[in-house]
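What follows is one structure encoded as structure tokens, with my remarks underneath.
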Amino acid sequence: MIEILKAILFGIVEGITEWLPISSTGHMILLDEFVKLDVSAEFWEMFLVVIQLGAILAVVVLFWNQIFPFDLKKKPHIKKDIFTLWFKILAACIPAAVIGLAFDDVFDALFYNPGCVAIALIVFGIAFILIENRNKSLKPHITELGQITYKTALLIGLFQLIAAIFPGTSRSGATIVGALLIGVSRTVAAEFTFFLAIPVMLGASLLKILKFGFAFTGMELAILFTGMVVAFLVSVIVIRFLMGYIKKHDFKVFGWYRIILGAVVLLYFVFL
């Protein structure tokens, strides 16, 4: 029962931090320091990634009409604009997929540590503040998803690659920063980031499950399922909040939060 309660807590943290650009990895590292699941190191590594499937399902449910490319009521059945959007999303996945598959273990060994996570938190926190200050006097030239070109999608995908290499960057944070930098509006940047997460997280989860194998114990399945369900429920609330928030506010508050969190991680793990 204690492990299930811990899984609920991890699910809450995952659901909040996966979509806000504040790094789920940084928060999971902090939480793991104080609340450790009684599981093997191999299961823990897999759990950190696969719990995100619950968060993905929230995107699918909330944005179903915007991402499902088939119209079951009318003819023709294919919604060409959504179909084209998916090709752009897949194009954005190419950099992280190619480099991530080739060097996943190398990146984990080199950069999955509190020091690197803290630096990534701080650097991208500063980036959010600087870019938002810069954008005050500029109007975004991409204000609808349909205006995103393949070139724009690939550029956003390159920023996602940064997150794949450096834990603590935040996948959503990196892609939103990249999108804002090249003139995408906050709302479109957030939506494209959400949709981009679907193939990325599915691929990453499948890779981790294959590495772990399918020999789950009953307790491991209960922990994983609990974490995913809680992550889904919390994600629904957080995504709705974020989409409402960015219509009236910028991302600077998340930048300041990242800087403070990065400083806390540095102080606790590196200097103390």
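Letters A, B, ... mark the chains of the structure tokens in the order given; residue numbers begin at 1 per chain; ligand numbers begin at 1, in order shown.
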
Looking only at strand (DSSP E or B) from DSSP on the backbone, list the matching residues of stretch 25-187 of chain A as a ChimeraX atom specification.
/A:70,78,142,184

Given only C-alpha atoms, how would the per-residue table for stretch 195-267 of chain A near stretch 158-167 of chain A read, listing every residue at most 12 Å away with its closest atom pair and distance in Å to one decimal, sorted by chain and number, as JSON lines?
```
{"residue": "A:Leu196", "atom": "CA", "partner": "A:Gln160", "partner_atom": "CA", "distance": 9.4}
{"residue": "A:Ala197", "atom": "CA", "partner": "A:Gln160", "partner_atom": "CA", "distance": 10.0}
{"residue": "A:Val200", "atom": "CA", "partner": "A:Gln160", "partner_atom": "CA", "distance": 9.8}
{"residue": "A:Met201", "atom": "CA", "partner": "A:Ala164", "partner_atom": "CA", "distance": 11.3}
{"residue": "A:Ala204", "atom": "CA", "partner": "A:Ala164", "partner_atom": "CA", "distance": 10.2}
```

Show me, as number ranges by chain, the residues that have an atom within 12 Å of A:Leu101 when counting only C-alpha atoms, minus same-chain residues fewer than 2 positions from it.
A: 93-99, 103-108, 161, 164-165, 200, 203-204, 206-208

At a cut-off of 9 Å, using only C-alpha atoms, what residues contact A:Leu90? Leave out same-chain residues fewer than 5 positions from it and give the result as an mmCIF file with all heavy atoms, in the first residue's frame.
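selection_30.cif written:
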```cif
data_model
loop_
_atom_site.group_PDB
_atom_site.id
_atom_site.type_symbol
_atom_site.label_atom_id
_atom_site.label_comp_id
_atom_site.auth_asym_id
_atom_site.auth_seq_id
_atom_site.Cartn_x
_atom_site.Cartn_y
_atom_site.Cartn_z
ATOM 1 N N LEU A 85 -0.557 17.922 -40.911
ATOM 2 C CA LEU A 85 0.021 18.280 -39.621
ATOM 3 C C LEU A 85 0.817 17.124 -39.033
ATOM 4 O O LEU A 85 1.910 17.317 -38.494
ATOM 5 C CB LEU A 85 -1.090 18.705 -38.653
ATOM 6 C CG LEU A 85 -0.652 18.990 -37.210
ATOM 7 C CD1 LEU A 85 0.305 20.167 -37.146
ATOM 8 C CD2 LEU A 85 -1.875 19.257 -36.320
ATOM 9 N N ALA A 153 8.897 23.044 -38.567
ATOM 10 C CA ALA A 153 8.777 21.821 -37.770
ATOM 11 C C ALA A 153 10.145 21.219 -37.480
ATOM 12 O O ALA A 153 10.433 20.791 -36.355
ATOM 13 C CB ALA A 153 7.891 20.814 -38.484
ATOM 14 N N LEU A 196 3.475 16.967 -30.536
ATOM 15 C CA LEU A 196 4.790 16.379 -30.785
ATOM 16 C C LEU A 196 5.135 15.333 -29.728
ATOM 17 O O LEU A 196 5.860 14.378 -29.986
ATOM 18 C CB LEU A 196 5.834 17.497 -30.797
ATOM 19 C CG LEU A 196 7.272 17.165 -31.184
ATOM 20 C CD1 LEU A 196 7.332 16.507 -32.549
ATOM 21 C CD2 LEU A 196 8.117 18.429 -31.160
ATOM 22 N N PRO A 199 4.081 10.999 -30.527
ATOM 23 C CA PRO A 199 4.988 9.997 -31.087
ATOM 24 C C PRO A 199 6.296 9.887 -30.311
ATOM 25 O O PRO A 199 6.867 8.792 -30.194
ATOM 26 C CB PRO A 199 5.238 10.492 -32.522
ATOM 27 C CG PRO A 199 4.931 11.948 -32.489
ATOM 28 C CD PRO A 199 3.839 12.108 -31.484
#
```

Taking the DSSP secondary structure from the backbone, can you list the residues of stretch 9-254 of chain A that are alpha helix (DSSP H), as a count of residues only?
184

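By only C-alpha atoms, and with residues fewer than 5 positions from A:Ile12 along its chain excluded, the set lying at most 7 Å from it is Val230, Ala231 and Val234 of chain A.
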
Resulting file, chosen residues, N, CA and C atoms, as a short mmCIF file (atom, residue, chain, number, x, y, z; two decimals), in the first residue's frame:
```cif
data_model
loop_
_atom_site.label_atom_id
_atom_site.label_comp_id
_atom_site.auth_asym_id
_atom_site.auth_seq_id
_atom_site.Cartn_x
_atom_site.Cartn_y
_atom_site.Cartn_z
N VAL A 230 -2.88 8.30 -12.55
CA VAL A 230 -2.81 9.59 -11.85
C VAL A 230 -2.21 10.66 -12.75
N ALA A 231 -1.17 10.30 -13.51
CA ALA A 231 -0.55 11.25 -14.45
C ALA A 231 -1.56 11.72 -15.48
N VAL A 234 -4.18 14.19 -13.67
CA VAL A 234 -3.55 15.48 -13.36
C VAL A 234 -3.22 16.24 -14.64
#
```

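You will find atom CA of A:Ile198 at 5.8 Å from atom CA of A:Ile56.
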
If we count only C-alpha atoms and set the cut-off at 7 Å, which residues sit around stretch 235-251 of chain A, ignoring sequence neighbours fewer than 5 positions away in its own chain? Please answer as an mmCIF file with all heavy atoms, in the first residue's frame.
```
data_model
loop_
_atom_site.group_PDB
_atom_site.id
_atom_site.type_symbol
_atom_site.label_atom_id
_atom_site.label_comp_id
_atom_site.auth_asym_id
_atom_site.auth_seq_id
_atom_site.Cartn_x
_atom_site.Cartn_y
_atom_site.Cartn_z
ATOM 1 N N GLY A 15 2.287 14.456 -13.928
ATOM 2 C CA GLY A 15 1.186 15.135 -14.605
ATOM 3 C C GLY A 15 1.332 16.642 -14.609
ATOM 4 O O GLY A 15 0.949 17.309 -15.571
ATOM 5 N N ILE A 16 1.908 17.191 -13.552
ATOM 6 C CA ILE A 16 2.107 18.645 -13.476
ATOM 7 C C ILE A 16 3.301 19.081 -14.316
ATOM 8 O O ILE A 16 3.217 20.024 -15.108
ATOM 9 C CB ILE A 16 2.313 19.088 -12.010
ATOM 10 C CG1 ILE A 16 1.032 18.862 -11.191
ATOM 11 C CG2 ILE A 16 2.746 20.556 -11.941
ATOM 12 C CD1 ILE A 16 1.207 19.094 -9.703
ATOM 13 N N TRP A 19 3.895 18.897 -18.721
ATOM 14 C CA TRP A 19 3.347 19.874 -19.666
ATOM 15 C C TRP A 19 3.755 21.301 -19.362
ATOM 16 O O TRP A 19 3.879 22.126 -20.273
ATOM 17 C CB TRP A 19 1.820 19.737 -19.697
ATOM 18 C CG TRP A 19 1.440 18.325 -20.007
ATOM 19 C CD1 TRP A 19 0.797 17.442 -19.186
ATOM 20 C CD2 TRP A 19 1.731 17.594 -21.207
ATOM 21 N NE1 TRP A 19 0.667 16.226 -19.803
ATOM 22 C CE2 TRP A 19 1.227 16.292 -21.051
ATOM 23 C CE3 TRP A 19 2.370 17.918 -22.407
ATOM 24 C CZ2 TRP A 19 1.336 15.313 -22.030
ATOM 25 C CZ3 TRP A 19 2.483 16.944 -23.396
ATOM 26 C CH2 TRP A 19 1.969 15.664 -23.197
ATOM 27 N N ALA A 55 0.212 10.691 -19.325
ATOM 28 C CA ALA A 55 0.154 12.094 -19.708
ATOM 29 C C ALA A 55 -0.207 12.240 -21.185
ATOM 30 O O ALA A 55 -0.963 13.135 -21.571
ATOM 31 C CB ALA A 55 1.494 12.766 -19.415
ATOM 32 N N ALA A 58 -3.906 12.090 -21.977
ATOM 33 C CA ALA A 58 -4.631 13.329 -21.695
ATOM 34 C C ALA A 58 -4.657 14.226 -22.930
ATOM 35 O O ALA A 58 -5.683 14.836 -23.245
ATOM 36 C CB ALA A 58 -3.981 14.058 -20.521
ATOM 37 N N PHE A 128 13.950 31.528 -21.413
ATOM 38 C CA PHE A 128 12.534 31.913 -21.419
ATOM 39 C C PHE A 128 12.372 33.407 -21.150
ATOM 40 O O PHE A 128 11.614 34.101 -21.831
ATOM 41 C CB PHE A 128 11.760 31.124 -20.355
ATOM 42 C CG PHE A 128 11.084 29.893 -20.890
ATOM 43 C CD1 PHE A 128 11.409 28.632 -20.415
ATOM 44 C CD2 PHE A 128 10.107 30.003 -21.859
ATOM 45 C CE1 PHE A 128 10.787 27.500 -20.902
ATOM 46 C CE2 PHE A 128 9.469 28.875 -22.353
ATOM 47 C CZ PHE A 128 9.815 27.619 -21.881
ATOM 48 N N GLU A 132 11.070 36.078 -24.007
ATOM 49 C CA GLU A 132 9.813 36.777 -23.771
ATOM 50 C C GLU A 132 10.029 38.293 -23.748
ATOM 51 O O GLU A 132 9.197 39.060 -24.255
ATOM 52 C CB GLU A 132 9.171 36.306 -22.462
ATOM 53 C CG GLU A 132 8.549 34.914 -22.533
ATOM 54 C CD GLU A 132 7.262 34.895 -23.354
ATOM 55 O OE1 GLU A 132 7.009 35.824 -24.147
ATOM 56 O OE2 GLU A 132 6.500 33.938 -23.203
ATOM 57 N N ARG A 186 2.469 31.824 -28.628
ATOM 58 C CA ARG A 186 2.516 30.957 -27.448
ATOM 59 C C ARG A 186 1.512 29.808 -27.544
ATOM 60 O O ARG A 186 1.829 28.666 -27.229
ATOM 61 C CB ARG A 186 2.228 31.770 -26.183
ATOM 62 C CG ARG A 186 3.291 32.790 -25.850
ATOM 63 C CD ARG A 186 3.045 33.402 -24.470
ATOM 64 N NE ARG A 186 3.840 34.605 -24.314
ATOM 65 C CZ ARG A 186 3.376 35.838 -24.457
ATOM 66 N NH1 ARG A 186 2.097 36.021 -24.767
ATOM 67 N NH2 ARG A 186 4.152 36.876 -24.301
ATOM 68 N N THR A 187 0.297 30.121 -27.971
ATOM 69 C CA THR A 187 -0.743 29.093 -28.047
ATOM 70 C C THR A 187 -0.379 28.005 -29.043
ATOM 71 O O THR A 187 -0.491 26.807 -28.741
ATOM 72 C CB THR A 187 -2.096 29.717 -28.437
ATOM 73 O OG1 THR A 187 -2.464 30.681 -27.449
ATOM 74 C CG2 THR A 187 -3.178 28.652 -28.512
#
```

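For A:Leu154, the residues within 6 Å (counting only C-alpha atoms, excluding itself and residues fewer than 3 positions away along the chain) are Ala92, Lys151 and Gly157 of chain A.
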
Using only C-alpha atoms, the best pick from A:Lys252, A:Leu130, A:Leu37, A:Leu145 as closest to A:Ile82 would be A:Leu145
